[in-house]
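*Asks:* Structure file upload_24.txt (compact mmCIF, C-alpha atoms) right here:
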```txt
# COMPACT_ATOMS: atom_id res chain seq x y z
CA MET M 1 21.03 7.24 -25.73
CA ALA M 2 17.76 8.04 -27.47
CA LYS M 3 14.92 5.55 -27.13
CA LYS M 4 13.90 3.54 -30.12
CA PRO M 5 10.19 3.72 -30.87
CA SER M 6 8.33 0.49 -30.36
CA LEU M 7 4.79 -0.56 -31.19
CA VAL M 8 4.84 -3.49 -28.76
CA LEU M 9 4.25 -1.61 -25.49
CA PRO M 10 1.51 0.75 -26.74
CA ILE M 11 -0.43 -2.23 -28.05
CA LEU M 12 0.19 -4.18 -24.83
CA ALA M 13 -0.78 -1.26 -22.57
CA ALA M 14 -3.95 -0.66 -24.58
CA SER M 15 -4.99 -4.29 -24.26
CA LEU M 16 -4.29 -4.36 -20.52
CA CYS M 17 -6.23 -1.14 -19.82
CA TRP M 18 -9.25 -2.16 -21.91
CA SER M 19 -11.18 -3.75 -19.08
CA SER M 20 -11.01 -0.68 -16.85
CA ALA M 21 -11.83 1.67 -19.71
CA SER M 22 -14.85 -0.43 -20.64
CA LEU M 23 -16.22 -0.30 -17.09
CA ALA M 24 -16.37 3.47 -16.96
CA ASP M 25 -16.25 5.98 -19.79
CA GLU M 26 -13.22 8.07 -18.80
CA TYR M 27 -13.85 7.36 -15.12
CA LEU M 28 -11.84 9.79 -13.00
CA LEU M 29 -10.08 8.32 -10.00
CA GLY M 30 -10.63 9.52 -6.46
CA PRO M 31 -9.74 8.74 -2.81
CA MET M 32 -10.43 5.13 -1.67
CA ASP M 33 -10.31 3.76 -5.24
CA ARG M 34 -8.21 0.58 -5.19
CA LEU M 35 -6.01 0.14 -8.25
CA ASN M 36 -3.99 -2.73 -9.66
CA VAL M 37 -0.77 -1.44 -11.22
CA LYS M 38 1.22 -3.63 -13.60
CA ILE M 39 4.47 -2.43 -15.17
CA VAL M 40 6.50 -4.22 -17.82
CA GLU M 41 9.72 -3.17 -19.55
CA TRP M 42 10.32 -3.89 -23.21
CA GLN M 43 13.91 -5.02 -23.79
CA PRO M 44 14.67 -4.82 -27.52
CA SER M 45 18.07 -6.48 -27.10
CA ASN M 46 16.42 -9.87 -26.60
CA ALA M 47 12.88 -8.95 -27.75
CA SER M 48 11.32 -9.80 -24.38
CA LEU M 49 9.23 -8.21 -21.64
CA LYS M 50 10.59 -7.81 -18.11
CA ASP M 51 8.01 -7.87 -15.33
CA TRP M 52 8.53 -5.30 -12.56
CA SER M 53 7.26 -7.55 -9.80
CA THR M 54 8.71 -5.38 -7.01
CA VAL M 55 6.50 -2.44 -7.97
CA ASN M 56 3.46 -4.28 -9.35
CA GLY M 57 0.52 -4.73 -7.02
CA ASP M 58 -2.60 -3.11 -5.56
CA TYR M 59 -2.54 0.50 -4.41
CA THR M 60 -5.22 2.67 -2.81
CA VAL M 61 -5.72 6.31 -3.68
CA THR M 62 -5.12 8.17 -0.41
CA ALA M 63 -7.31 10.86 1.10
CA ALA M 64 -4.90 13.39 -0.45
CA GLY M 65 -5.69 11.94 -3.89
CA ASN M 66 -2.29 10.28 -4.43
CA VAL M 67 -0.89 6.79 -4.97
CA GLU M 68 2.52 6.04 -3.54
CA LEU M 69 4.80 3.71 -5.50
CA PRO M 70 8.28 2.52 -4.51
CA PHE M 71 11.05 4.71 -6.01
CA LEU M 72 8.53 7.45 -6.91
CA GLY M 73 6.66 8.50 -3.79
CA PRO M 74 3.27 10.22 -4.13
CA ILE M 75 1.80 10.64 -7.64
CA LYS M 76 -1.39 12.60 -8.22
CA ALA M 77 -4.27 10.24 -9.08
CA ALA M 78 -7.45 12.10 -8.13
CA GLY M 79 -9.10 13.63 -11.17
CA ARG M 80 -7.01 11.50 -13.56
CA SER M 81 -8.22 8.61 -15.67
CA ALA M 82 -6.57 5.19 -15.38
CA ALA M 83 -4.86 5.68 -18.76
CA GLN M 84 -3.55 9.12 -17.80
CA LEU M 85 -2.19 7.85 -14.49
CA ALA M 86 -0.52 4.92 -16.29
CA ASP M 87 1.25 7.36 -18.62
CA ASP M 88 2.30 9.51 -15.64
CA ILE M 89 3.81 6.50 -13.84
CA SER M 90 5.72 5.31 -16.93
CA ALA M 91 7.13 8.79 -17.59
CA ALA M 92 8.09 9.32 -13.92
CA LEU M 93 9.90 5.96 -13.68
CA GLU M 94 11.73 6.46 -16.95
CA GLN M 95 12.93 9.88 -15.82
CA LYS M 96 13.68 8.88 -12.21
CA LEU M 97 15.68 5.77 -13.10
CA ALA M 98 17.13 7.12 -16.40
CA LEU M 99 15.80 4.12 -18.30
CA THR M 100 16.68 3.64 -21.95
CA ASP M 101 14.17 0.86 -22.55
CA GLN M 102 10.48 1.65 -22.85
CA LEU M 103 8.02 0.98 -20.01
CA GLY M 104 4.40 -0.07 -20.34
CA THR M 105 2.04 0.56 -17.41
CA SER M 106 -1.52 -0.72 -17.10
CA ILE M 107 -3.98 0.27 -14.37
CA GLN M 108 -7.25 -1.43 -13.51
CA VAL M 109 -9.75 -0.25 -10.93
CA VAL M 110 -10.23 -3.40 -8.86
CA GLN M 111 -12.44 -1.72 -6.26
CA PHE M 112 -14.27 1.58 -6.67
CA ARG M 113 -14.68 3.95 -3.75
CA PRO M 114 -17.94 3.19 -1.91
CA ILE M 115 -21.30 4.91 -2.03
CA TYR M 116 -23.16 6.07 1.08
CA LEU M 117 -26.84 5.68 1.99
CA SER M 118 -28.45 8.00 4.53
CA GLY M 119 -31.95 8.79 5.66
CA ASP M 120 -35.00 6.54 5.49
CA VAL M 121 -33.40 3.25 4.49
CA GLN M 122 -33.33 0.07 6.55
CA THR M 123 -29.52 0.03 6.93
CA PRO M 124 -27.73 3.33 6.28
CA GLY M 125 -23.98 3.19 5.72
CA SER M 126 -21.31 2.68 3.08
CA TYR M 127 -21.66 0.05 0.35
CA PRO M 128 -19.40 -1.19 -2.45
CA TYR M 129 -19.91 0.45 -5.82
CA ALA M 130 -20.46 -1.58 -9.00
CA PRO M 131 -20.58 -0.21 -12.56
CA GLY M 132 -24.10 0.44 -13.83
CA LEU M 133 -25.48 0.99 -10.34
CA THR M 134 -28.74 2.95 -10.27
CA LEU M 135 -30.29 4.70 -7.29
CA LEU M 136 -32.96 1.99 -6.93
CA LYS M 137 -30.31 -0.73 -6.87
CA ALA M 138 -28.30 1.26 -4.34
CA VAL M 139 -31.29 1.61 -2.01
CA SER M 140 -31.86 -2.14 -2.26
CA LEU M 141 -28.32 -2.68 -0.97
CA GLY M 142 -29.40 -0.95 2.24
CA GLY M 143 -32.44 -3.21 2.63
CA GLY M 144 -34.88 -0.89 0.88
CA LEU M 145 -36.96 1.92 2.33
CA ARG M 146 -37.46 2.01 6.09
CA HIS M 147 -40.85 0.76 7.24
CA VAL M 148 -43.17 3.29 8.82
CA GLN M 149 -43.36 1.31 12.02
CA ASP M 150 -39.57 1.53 12.25
CA ALA M 151 -39.52 5.30 11.75
CA GLY M 152 -39.65 6.03 15.48
CA GLY M 153 -37.74 2.98 16.64
CA ASN M 154 -36.00 2.87 20.00
CA PRO M 155 -33.67 5.90 20.05
CA ASN M 156 -32.13 4.97 23.41
CA GLY M 157 -31.28 1.48 22.22
CA ASP M 158 -30.16 2.79 18.84
CA PHE M 159 -27.83 5.27 20.53
CA ILE M 160 -26.30 2.59 22.77
CA THR M 161 -25.78 0.27 19.80
CA ALA M 162 -24.24 3.00 17.64
CA LYS M 163 -22.03 4.20 20.51
CA GLY M 164 -20.75 0.68 21.14
CA GLN M 165 -19.91 0.21 17.47
CA TYR M 166 -18.33 3.66 17.39
CA ASP M 167 -16.05 2.82 20.34
CA VAL M 168 -14.96 -0.42 18.67
CA LEU M 169 -14.15 1.45 15.45
CA VAL M 170 -12.20 4.10 17.39
CA ALA M 171 -10.06 1.37 18.95
CA GLN M 172 -9.42 -0.17 15.53
CA ARG M 173 -8.60 3.23 14.06
CA ASN M 174 -6.18 4.02 16.91
CA ARG M 175 -4.41 0.73 16.22
CA GLN M 176 -4.07 1.68 12.55
CA LEU M 177 -2.76 5.14 13.45
CA ALA M 178 -0.12 3.59 15.73
CA MET M 179 0.81 1.17 12.95
CA ARG M 180 1.17 4.04 10.48
CA ALA M 181 3.50 5.87 12.89
CA ARG M 182 5.63 2.73 13.17
CA LEU M 183 5.79 2.22 9.39
CA GLN M 184 6.75 5.86 8.83
CA ALA M 185 9.48 5.58 11.49
CA GLN M 186 10.83 2.43 9.84
CA LEU M 187 10.80 4.12 6.44
CA ALA M 188 12.78 7.03 7.88
CA GLY M 189 15.25 4.70 9.62
CA GLN M 190 14.35 5.94 13.11
CA LYS M 191 15.02 3.91 16.25
CA THR M 192 12.02 5.28 18.14
CA ILE M 193 8.39 5.97 17.21
CA PRO M 194 7.04 9.46 17.96
CA THR M 195 3.47 9.35 19.29
CA PRO M 196 1.19 10.96 16.67
CA ASP M 197 -0.69 14.07 17.78
CA THR M 198 -3.92 12.28 16.83
CA LEU M 199 -3.27 9.64 19.51
CA LYS M 200 -2.15 11.92 22.32
CA GLY M 201 -4.69 11.88 25.13
CA GLN M 202 -6.20 8.57 24.02
CA PRO M 203 -6.38 6.08 26.93
CA ASP M 204 -4.85 3.26 24.90
CA ALA M 205 -2.12 5.36 23.24
CA GLN M 206 0.75 4.30 25.51
CA GLN M 207 0.01 0.58 25.15
CA LEU M 208 -0.47 0.86 21.37
CA MET M 209 2.84 2.66 20.88
CA ALA M 210 4.62 0.13 23.11
CA ASP M 211 3.20 -2.73 21.02
CA GLU M 212 4.27 -1.11 17.76
CA LEU M 213 7.76 -0.37 19.15
CA ALA M 214 8.11 -4.05 20.08
CA ILE M 215 7.09 -5.05 16.55
CA MET M 216 9.59 -2.61 15.02
CA GLN M 217 12.41 -3.80 17.27
CA THR M 218 11.68 -7.45 16.46
CA GLN M 219 11.66 -6.78 12.71
CA GLN M 220 14.82 -4.66 12.97
CA SER M 221 16.53 -7.39 14.98
CA GLN M 222 15.69 -9.97 12.32
CA GLU M 223 17.03 -7.70 9.58
CA ASP M 224 20.17 -6.93 11.61
CA ILE M 225 20.82 -10.65 12.07
CA GLN M 226 20.61 -11.22 8.30
CA LEU M 227 22.81 -8.21 7.54
CA GLN M 228 25.30 -9.30 10.21
CA GLY M 229 25.45 -12.70 8.52
CA PHE M 230 26.46 -11.00 5.27
CA ASP M 231 29.06 -8.90 7.14
CA ASP M 232 30.51 -12.00 8.83
CA LEU M 233 30.74 -13.74 5.46
CA LYS M 234 32.54 -10.74 3.96
CA THR M 235 34.96 -10.68 6.93
CA VAL M 236 35.85 -14.34 6.36
CA LEU M 237 36.25 -13.76 2.63
CA ASN M 238 38.47 -10.71 3.17
CA LYS M 239 40.70 -12.75 5.51
CA GLN M 240 40.80 -15.46 2.85
CA ILE M 241 41.84 -12.89 0.23
CA ALA M 242 44.57 -11.55 2.54
CA SER M 243 45.83 -15.10 3.15
CA LEU M 244 45.83 -15.82 -0.57
CA ALA M 245 47.78 -12.61 -1.16
CA ASP M 246 50.43 -13.73 1.36
CA LYS M 247 50.53 -17.16 -0.27
CA ASP M 248 50.89 -15.60 -3.71
CA LYS M 249 53.74 -13.44 -2.43
CA ALA M 250 55.56 -16.52 -1.06
CA LEU M 251 54.99 -18.43 -4.31
CA GLN M 252 56.36 -15.48 -6.27
CA SER M 253 59.53 -15.49 -4.14
CA GLU M 254 59.91 -19.22 -4.67
CA MET M 255 59.35 -18.70 -8.40
CA ASN M 256 62.14 -16.10 -8.51
CA LEU M 257 64.56 -18.51 -6.86
CA LEU M 258 63.63 -21.33 -9.22
CA GLN M 259 63.95 -19.06 -12.24
CA LYS M 260 67.40 -18.01 -11.05
CA GLU M 261 68.49 -21.60 -10.42
CA LEU M 262 67.09 -22.69 -13.78
CA GLY M 263 69.12 -19.94 -15.48
CA ASN M 264 72.27 -21.20 -13.78
CA ILE M 265 71.56 -24.81 -14.77
CA HIS M 266 71.01 -23.79 -18.38
CA GLY M 267 74.44 -22.08 -18.32
CA LEU M 268 76.14 -25.16 -16.89
CA ALA M 269 74.31 -27.46 -19.33
CA SER M 270 75.55 -25.40 -22.26
CA GLN M 271 79.11 -25.98 -20.98
CA GLY M 272 78.47 -29.67 -20.49
CA LEU M 273 78.68 -29.39 -16.73
CA ALA M 274 75.05 -30.37 -16.02
CA ILE M 275 72.92 -33.21 -17.29
CA ASN M 276 69.58 -32.73 -19.06
CA SER M 277 67.67 -34.55 -16.30
CA GLN M 278 68.54 -31.74 -13.86
CA VAL M 279 67.26 -29.14 -16.31
CA LEU M 280 64.06 -31.11 -16.86
CA LEU M 281 63.44 -31.46 -13.11
CA LEU M 282 63.75 -27.71 -12.51
CA GLU M 283 61.47 -26.93 -15.45
CA GLN M 284 58.81 -29.26 -14.00
CA GLN M 285 59.10 -27.52 -10.62
CA VAL M 286 58.61 -24.14 -12.31
CA ALA M 287 55.53 -25.41 -14.15
CA ASP M 288 54.05 -26.80 -10.92
CA LEU M 289 54.69 -23.52 -9.15
CA GLN M 290 53.01 -21.57 -11.94
CA SER M 291 49.94 -23.84 -11.64
CA ARG M 292 49.77 -23.20 -7.88
CA MET M 293 50.04 -19.44 -8.43
CA LEU M 294 47.19 -19.64 -10.97
CA ASP M 295 45.04 -21.54 -8.45
CA THR M 296 45.70 -18.75 -5.94
CA ASP M 297 44.57 -16.12 -8.45
CA VAL M 298 41.38 -18.08 -9.21
CA ALA M 299 40.59 -18.47 -5.50
CA THR M 300 41.10 -14.71 -4.99
CA LEU M 301 38.75 -13.90 -7.87
CA SER M 302 36.15 -16.32 -6.48
CA ALA M 303 36.35 -14.72 -3.01
CA ASN M 304 35.94 -11.23 -4.50
CA LYS M 305 32.92 -12.47 -6.45
CA ASP M 306 31.38 -13.88 -3.26
CA ILE M 307 31.91 -10.51 -1.53
CA ALA M 308 30.12 -8.73 -4.40
CA THR M 309 27.27 -11.24 -4.16
CA ALA M 310 26.97 -10.69 -0.40
CA ASN M 311 26.83 -6.91 -0.94
CA GLN M 312 24.13 -7.34 -3.58
CA GLN M 313 22.08 -9.63 -1.34
CA ALA M 314 22.34 -7.12 1.54
CA ASP M 315 21.18 -4.30 -0.75
CA THR M 316 18.32 -6.47 -2.03
CA LEU M 317 17.26 -7.25 1.54
CA LYS M 318 17.11 -3.53 2.38
CA ALA M 319 15.25 -2.65 -0.83
CA THR M 320 12.74 -5.46 -0.27
CA GLN M 321 12.15 -4.27 3.29
CA GLN M 322 11.51 -0.72 2.04
CA ALA M 323 9.09 -1.97 -0.63
CA THR M 324 7.28 -4.09 1.98
CA ILE M 325 6.88 -1.04 4.22
CA GLN M 326 5.53 1.00 1.29
CA GLN M 327 2.97 -1.71 0.53
CA ALA M 328 1.99 -1.89 4.21
CA LEU M 329 1.47 1.90 4.24
CA GLN M 330 -0.88 1.57 1.27
CA VAL M 331 -2.93 -1.11 3.04
CA ASN M 332 -2.90 1.01 6.20
CA ALA M 333 -4.20 4.06 4.28
CA ASP M 334 -6.99 1.89 2.85
CA GLN M 335 -7.96 0.61 6.29
CA LEU M 336 -7.96 4.12 7.78
CA ALA M 337 -10.15 5.46 4.97
CA GLN M 338 -12.68 2.66 5.51
CA LEU M 339 -12.65 3.15 9.29
CA ASN M 340 -13.17 6.90 8.92
CA ALA M 341 -16.18 6.25 6.69
CA GLN M 342 -17.63 3.76 9.19
CA LEU M 343 -16.99 6.16 12.08
CA GLU M 344 -18.88 8.90 10.27
CA THR M 345 -21.80 6.53 9.68
CA GLN M 346 -21.99 5.62 13.38
CA ARG M 347 -21.63 9.28 14.38
CA GLN M 348 -24.58 10.14 12.16
CA ALA M 349 -26.52 7.25 13.71
CA MET M 350 -25.89 8.64 17.20
CA LEU M 351 -26.97 12.12 16.13
CA ASP M 352 -30.07 10.65 14.53
CA ALA M 353 -30.93 8.80 17.75
CA VAL M 354 -30.54 11.99 19.80
CA VAL M 355 -32.72 13.95 17.38
CA ARG M 356 -35.42 11.25 17.34
CA SER M 357 -35.43 11.01 21.13
CA ALA M 358 -35.92 14.76 21.48
CA ALA M 359 -38.68 15.09 18.86
CA ALA M 360 -42.34 14.43 19.63
CA PRO M 361 -44.07 12.06 17.22
CA ALA M 362 -46.24 13.92 14.74
CA PRO M 363 -49.96 13.74 15.55
CA GLY M 364 -51.91 11.35 13.38
CA THR M 365 -49.03 9.07 12.36
CA ALA M 366 -50.95 6.03 13.58
CA GLY M 367 -52.19 4.12 10.58
CA MET M 368 -49.85 5.99 8.22
CA GLN M 369 -48.09 4.25 5.34
CA THR M 370 -45.36 5.10 2.86
CA VAL M 371 -46.82 6.76 -0.22
CA GLY M 372 -43.53 7.67 -1.83
CA ALA M 373 -39.98 8.82 -1.31
CA THR M 374 -37.79 11.67 -2.45
CA TYR M 375 -34.15 11.21 -3.38
CA SER M 376 -31.15 13.46 -3.76
CA ILE M 377 -27.47 12.81 -4.37
CA VAL M 378 -24.55 14.71 -2.87
CA ARG M 379 -21.74 14.44 -5.42
CA ASN M 380 -18.23 15.85 -5.52
CA VAL M 381 -17.90 17.92 -8.71
CA ASP M 382 -14.58 19.67 -9.38
CA GLY M 383 -13.69 19.42 -5.70
CA LYS M 384 -17.00 20.85 -4.46
CA ALA M 385 -19.98 18.99 -2.97
CA GLN M 386 -23.18 19.54 -4.94
CA GLU M 387 -26.65 18.20 -4.11
CA ILE M 388 -28.80 17.19 -7.07
CA GLN M 389 -32.34 15.85 -7.19
CA ALA M 390 -32.64 12.26 -8.38
CA ASP M 391 -35.08 9.47 -9.06
CA GLU M 392 -34.92 5.67 -8.96
CA ASN M 393 -33.33 5.47 -12.43
CA THR M 394 -30.54 7.97 -11.78
CA VAL M 395 -27.11 6.44 -12.34
CA VAL M 396 -24.97 6.48 -9.20
CA LEU M 397 -21.24 7.23 -9.28
CA PRO M 398 -18.52 6.13 -6.84
CA GLY M 399 -18.36 8.34 -3.76
CA ASP M 400 -21.98 9.52 -4.08
CA VAL M 401 -24.02 10.14 -0.91
CA ILE M 402 -27.67 9.13 -1.49
CA LYS M 403 -30.21 10.88 0.75
CA VAL M 404 -33.63 9.23 1.10
CA ALA M 405 -36.70 10.83 2.68
CA LEU M 406 -40.06 9.05 3.07
CA ALA M 407 -43.38 10.65 2.20
CA LEU M 408 -46.19 9.37 4.44
CA GLY M 409 -49.96 9.26 3.88
CA PRO M 410 -52.96 7.65 5.62
CA SER M 411 -53.68 4.05 4.70
CA THR M 412 -57.37 4.59 5.61
CA PRO M 413 -59.40 7.74 6.18
CA VAL M 414 -58.51 9.09 9.59
CA PRO M 415 -60.95 11.34 11.50
CA ALA M 416 -59.85 14.93 11.72
CA GLU M 417 -59.84 14.78 15.49
CA THR M 418 -57.29 11.92 15.28
CA ILE M 419 -55.01 13.83 12.93
CA ALA M 420 -55.25 17.03 14.98
CA PRO M 421 -56.09 16.10 18.58
CA PRO M 422 -56.71 18.73 21.22
CA ALA M 423 -53.64 20.36 22.68
CA SER M 424 -54.30 18.67 26.02
CA ALA M 425 -54.14 15.25 24.32
CA ALA M 426 -50.98 15.93 22.31
CA PRO M 427 -48.25 13.48 23.29
CA SER M 428 -45.28 14.92 25.10
CA ALA M 429 -41.77 14.64 23.65
CA PRO M 430 -39.67 11.76 25.00
CA VAL M 431 -36.60 12.53 27.03
CA ALA M 432 -33.35 12.43 25.04
CA PRO M 433 -31.14 9.46 25.88
CA ALA M 434 -28.41 10.16 28.37
CA LEU M 435 -25.01 10.39 26.75
CA PRO M 436 -22.17 8.31 28.16
CA ALA M 437 -19.96 9.90 30.80
CA ASN M 438 -17.32 12.31 29.45
CA SER M 439 -19.29 12.65 26.20
CA SER M 440 -21.74 15.54 26.03
CA ALA M 441 -22.59 14.87 22.38
CA PRO M 442 -21.47 12.58 19.58
CA PRO M 443 -18.07 13.95 18.46
CA ALA M 444 -18.06 15.93 15.23
CA SER M 445 -14.81 14.30 14.25
CA GLN M 446 -12.50 11.81 15.90
CA PRO M 447 -8.86 12.75 16.56
CA GLY M 448 -6.66 11.21 13.93
CA ALA M 449 -9.24 11.02 11.19
CA GLU M 450 -7.34 12.12 8.12
CA SER M 451 -10.33 13.57 6.35
CA ASN M 452 -14.03 13.02 5.96
CA PRO M 453 -14.32 10.81 2.88
CA LEU M 454 -17.55 12.59 2.07
```
Please rewrite the model in this file as structure tokens.
*Replies:*
Amino acid sequence: MAKKPSLVLPILAASLCWSSASLADEYLLGPMDRLNVKIVEWQPSNASLKDWSTVNGDYTVTAAGNVELPFLGPIKAAGRSAAQLADDISAALEQKLALTDQLGTSIQVVQFRPIYLSGDVQTPGSYPYAPGLTLLKAVSLGGGLRHVQDAGGNPNGDFITAKGQYDVLVAQRNRQLAMRARLQAQLAGQKTIPTPDTLKGQPDAQQLMADELAIMQTQQSQEDIQLQGFDDLKTVLNKQIASLADKDKALQSEMNLLQKELGNIHGLASQGLAINSQVLLLEQQVADLQSRMLDTDVATLSANKDIATANQQADTLKATQQATIQQALQVNADQLAQLNAQLETQRQAMLDAVVRSAAAPAPGTAGMQTVGATYSIVRNVDGKAQEIQADENTVVLPGDVIKVALALGPSTPVPAETIAPPASAAPSAPVAPALPANSSAPPASQPGAESNPL
């Protein structure tokens, strides 16, 4: 049946998407963007809107650039605007479910993908993006420019701190990877959880997988108990229906006998051989029997209805469980993306500490002060990273990596011999900090990291 055009949903979708469109002029979505998806169905038969609460909710664009909705699976989001993605979701659902009523989908960006500060700032790392963010505001999020006296710092202590934080993040990431394996196994209906390749060789892999298997078995046991309850109810109802069928058969036999006897009595009454009271008594018995047979039919219909309800509730339980797993996978993808970004930040901090420990301080830095800073932005354009020069007023976009470099100059005139001391007086380079056992250098990438968000 062809769809009837309606002005209600286009107007509604436009009003719901206004806030996201106003925040960014045709902002194109990307990995780690968190979206709120709301779908309504216009039902012209009763002129009302049906809310798709099972599908509605928050979704995170995965590292592959997709969002995954129940019933649909992955839908391309990266490089699409919120309005375009909303149209794609509506069209996909209408086609997938063969809907005749029109859908309206609205998408709001509730959390933009973060920006990253690196270089000479007090606190490098990832920070939440906000519309209208300039480079100066972004640097202020990281505590401003690094002070000259902090430029050398304590590389050994910095390395130990960064390594400790890195190890904590690795443990958290391994937990999320094990959880993802469990959710994927549940979604596929598997009884066991294969150990992901990204966890093989990790010291905590066996314990993590055992914990996740215990969680899966507990959840499966709870679902099995509920489903078994529905099966037990259907078994009782089917026995009741069989009993009612036997009862109806017996009542039908009794009805046949009464009908036969009533026919005989009518014949005798017409010959004056039977009194009317006998005829009346048999007719009352027939009426009572018919009422009992009707009650049996009603009870059978009621039992069949209860069986249909039990089947529907069992199907709803399974569908709800699947939707819950899909939502958990979305949250898991979000957590993994954030952990990967934090791991990269700590890895860069360890590399920076190693480099600083191996480099000799430049002669004449005593008494130096910051006289300026240079900025550049690494931005993903059409799938390729490009570095552009920037200043404090440059507008920052989600996902940008801001690189800051200090320019130093003397605060007071420094004698030439201080700036360029004799070779014999030049300070020697400090010894690089010893790396932890079994780690010759900060790892370039951690097993299991889906992709570098940068």
*Asks:* Out of M:Ala86, M:Val331, M:Leu169, M:Ala92, which residue has the shortest atom-to-atom distance to M:Ile107 when counting only C-alpha atoms?
*Replies:*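 Smallest distance to M:Ile107 is found for M:Ala86.
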*Asks:* Atom CA of M:Tyr27 and atom CA of M:Ala83 are how many Å apart?
*Replies:*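 Value for the atom CA of M:Tyr27-atom CA of M:Ala83 distance: 9.8 Å.
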*Asks:* Quick check, in Å to one decimal: how far apart do atom CA of M:Ala333 and atom CA of M:Leu397 lie?
*Replies:*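 Distance between the two atoms: 22.0 Å.
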*Asks:* Any idea what's packed within 9 Å of M:Asn66, counting all atoms listed in the file, ignoring anything in its chain fewer than 5 positions away? Could you give it as an mmCIF file with C-alpha atoms, in the coordinates of the input?
*Replies:*
```cif
data_model
loop_
_atom_site.group_PDB
_atom_site.id
_atom_site.type_symbol
_atom_site.label_atom_id
_atom_site.label_comp_id
_atom_site.auth_asym_id
_atom_site.auth_seq_id
_atom_site.Cartn_x
_atom_site.Cartn_y
_atom_site.Cartn_z
ATOM 1 C CA GLY M 30 -10.630 9.520 -6.460
ATOM 2 C CA PRO M 31 -9.740 8.740 -2.810
ATOM 3 C CA THR M 60 -5.220 2.670 -2.810
ATOM 4 C CA VAL M 61 -5.720 6.310 -3.680
ATOM 5 C CA PRO M 74 3.270 10.220 -4.130
ATOM 6 C CA ILE M 75 1.800 10.640 -7.640
ATOM 7 C CA LYS M 76 -1.390 12.600 -8.220
ATOM 8 C CA ALA M 77 -4.270 10.240 -9.080
ATOM 9 C CA ALA M 78 -7.450 12.100 -8.130
#
```
*Asks:* With distances taken over only C-alpha atoms, which of M:Asp232, M:Asp167, M:Glu212, M:Glu223 is nearest to M:Ala310?
*Replies:* M:Asp232
*Asks:* When you draw a straight line from atom CA of M:Val378 to atom CA of M:Ala138, how long is it in Å?
*Replies:*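 These two atoms are separated by 14.0 Å.
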*Asks:* List as a PyMOL selection string the residues having at least one atom at most 12 Å from position (-4.1, -1.3, -3.4) as given in the file, counting all atoms listed in the file.
*Replies:* chain M and resi 31-38+55-62+66-69+107-113+326-335
*Asks:* Would you save the residues from that selection as a CSV table (one decimal), in the coordinates of the input, using C-alpha atoms?
*Replies:*
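selection_36.csv, freshly written:
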```csv
chain,number,residue,atom,x,y,z
M,31,PRO,CA,-9.7,8.7,-2.8
M,32,MET,CA,-10.4,5.1,-1.7
M,33,ASP,CA,-10.3,3.8,-5.2
M,34,ARG,CA,-8.2,0.6,-5.2
M,35,LEU,CA,-6.0,0.1,-8.2
M,36,ASN,CA,-4.0,-2.7,-9.7
M,37,VAL,CA,-0.8,-1.4,-11.2
M,38,LYS,CA,1.2,-3.6,-13.6
M,55,VAL,CA,6.5,-2.4,-8.0
M,56,ASN,CA,3.5,-4.3,-9.4
M,57,GLY,CA,0.5,-4.7,-7.0
M,58,ASP,CA,-2.6,-3.1,-5.6
M,59,TYR,CA,-2.5,0.5,-4.4
M,60,THR,CA,-5.2,2.7,-2.8
M,61,VAL,CA,-5.7,6.3,-3.7
M,62,THR,CA,-5.1,8.2,-0.4
M,66,ASN,CA,-2.3,10.3,-4.4
M,67,VAL,CA,-0.9,6.8,-5.0
M,68,GLU,CA,2.5,6.0,-3.5
M,69,LEU,CA,4.8,3.7,-5.5
M,107,ILE,CA,-4.0,0.3,-14.4
M,108,GLN,CA,-7.2,-1.4,-13.5
M,109,VAL,CA,-9.8,-0.2,-10.9
M,110,VAL,CA,-10.2,-3.4,-8.9
M,111,GLN,CA,-12.4,-1.7,-6.3
M,112,PHE,CA,-14.3,1.6,-6.7
M,113,ARG,CA,-14.7,4.0,-3.8
M,326,GLN,CA,5.5,1.0,1.3
M,327,GLN,CA,3.0,-1.7,0.5
M,328,ALA,CA,2.0,-1.9,4.2
M,329,LEU,CA,1.5,1.9,4.2
M,330,GLN,CA,-0.9,1.6,1.3
M,331,VAL,CA,-2.9,-1.1,3.0
M,332,ASN,CA,-2.9,1.0,6.2
M,333,ALA,CA,-4.2,4.1,4.3
M,334,ASP,CA,-7.0,1.9,2.8
M,335,GLN,CA,-8.0,0.6,6.3
```
*Asks:* Just the residues within 10 Å of M:Met179, please, counting only C-alpha atoms, with nothing from its chain fewer than 4 positions along; format it as an NGL selection string.
*Replies:* :M and (173-175 or 183-185 or 193 or 208-209 or 211-213 or 215-216 or 328-329 or 332)
*Asks:* Pick from M:Gln386, M:Gln190, M:Thr345, M:Thr374: nearest to M:Ser126, with all atoms listed in the file counted?
*Replies:*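 The shortest atom-to-atom distance to M:Ser126 comes from M:Thr345.
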*Asks:* Determine the nearest neighbour of M:Ala245 from the options M:Leu227, M:Leu289, M:Ala214, M:Ala299, counting only C-alpha atoms.
*Replies:*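 For M:Ala245, the nearest of the given residues is M:Ala299.
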*Asks:* From the set M:Gln389, M:Leu141, M:Asp51, M:Leu251, which residue has the shortest atom-to-atom contact distance to M:Asp288, counting all atoms listed in the file?
*Replies:* M:Leu251
*Asks:* Hey, which of M:Ser277, M:Gln285, M:Gln43, M:Gln313 ends up closest to M:Gly229? Count all atoms listed in the file.
*Replies:* M:Gln313
*Asks:* Compile the contact shell of M:Met293 as a list in words: residues with an atom at most 12 Å away, counting all atoms listed in the file, same-chain residues fewer than 3 positions apart removed.
*Replies:*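 Result of the neighbour search: Leu244, Ala245, Asp246, Lys247, Asp248, Lys249, Ala250, Leu251, Gln252, Ser253, Glu254, Met255, Val286, Ala287, Asp288, Leu289, Gln290, Thr296, Asp297, Val298, Ala299 and Thr300 of chain M.
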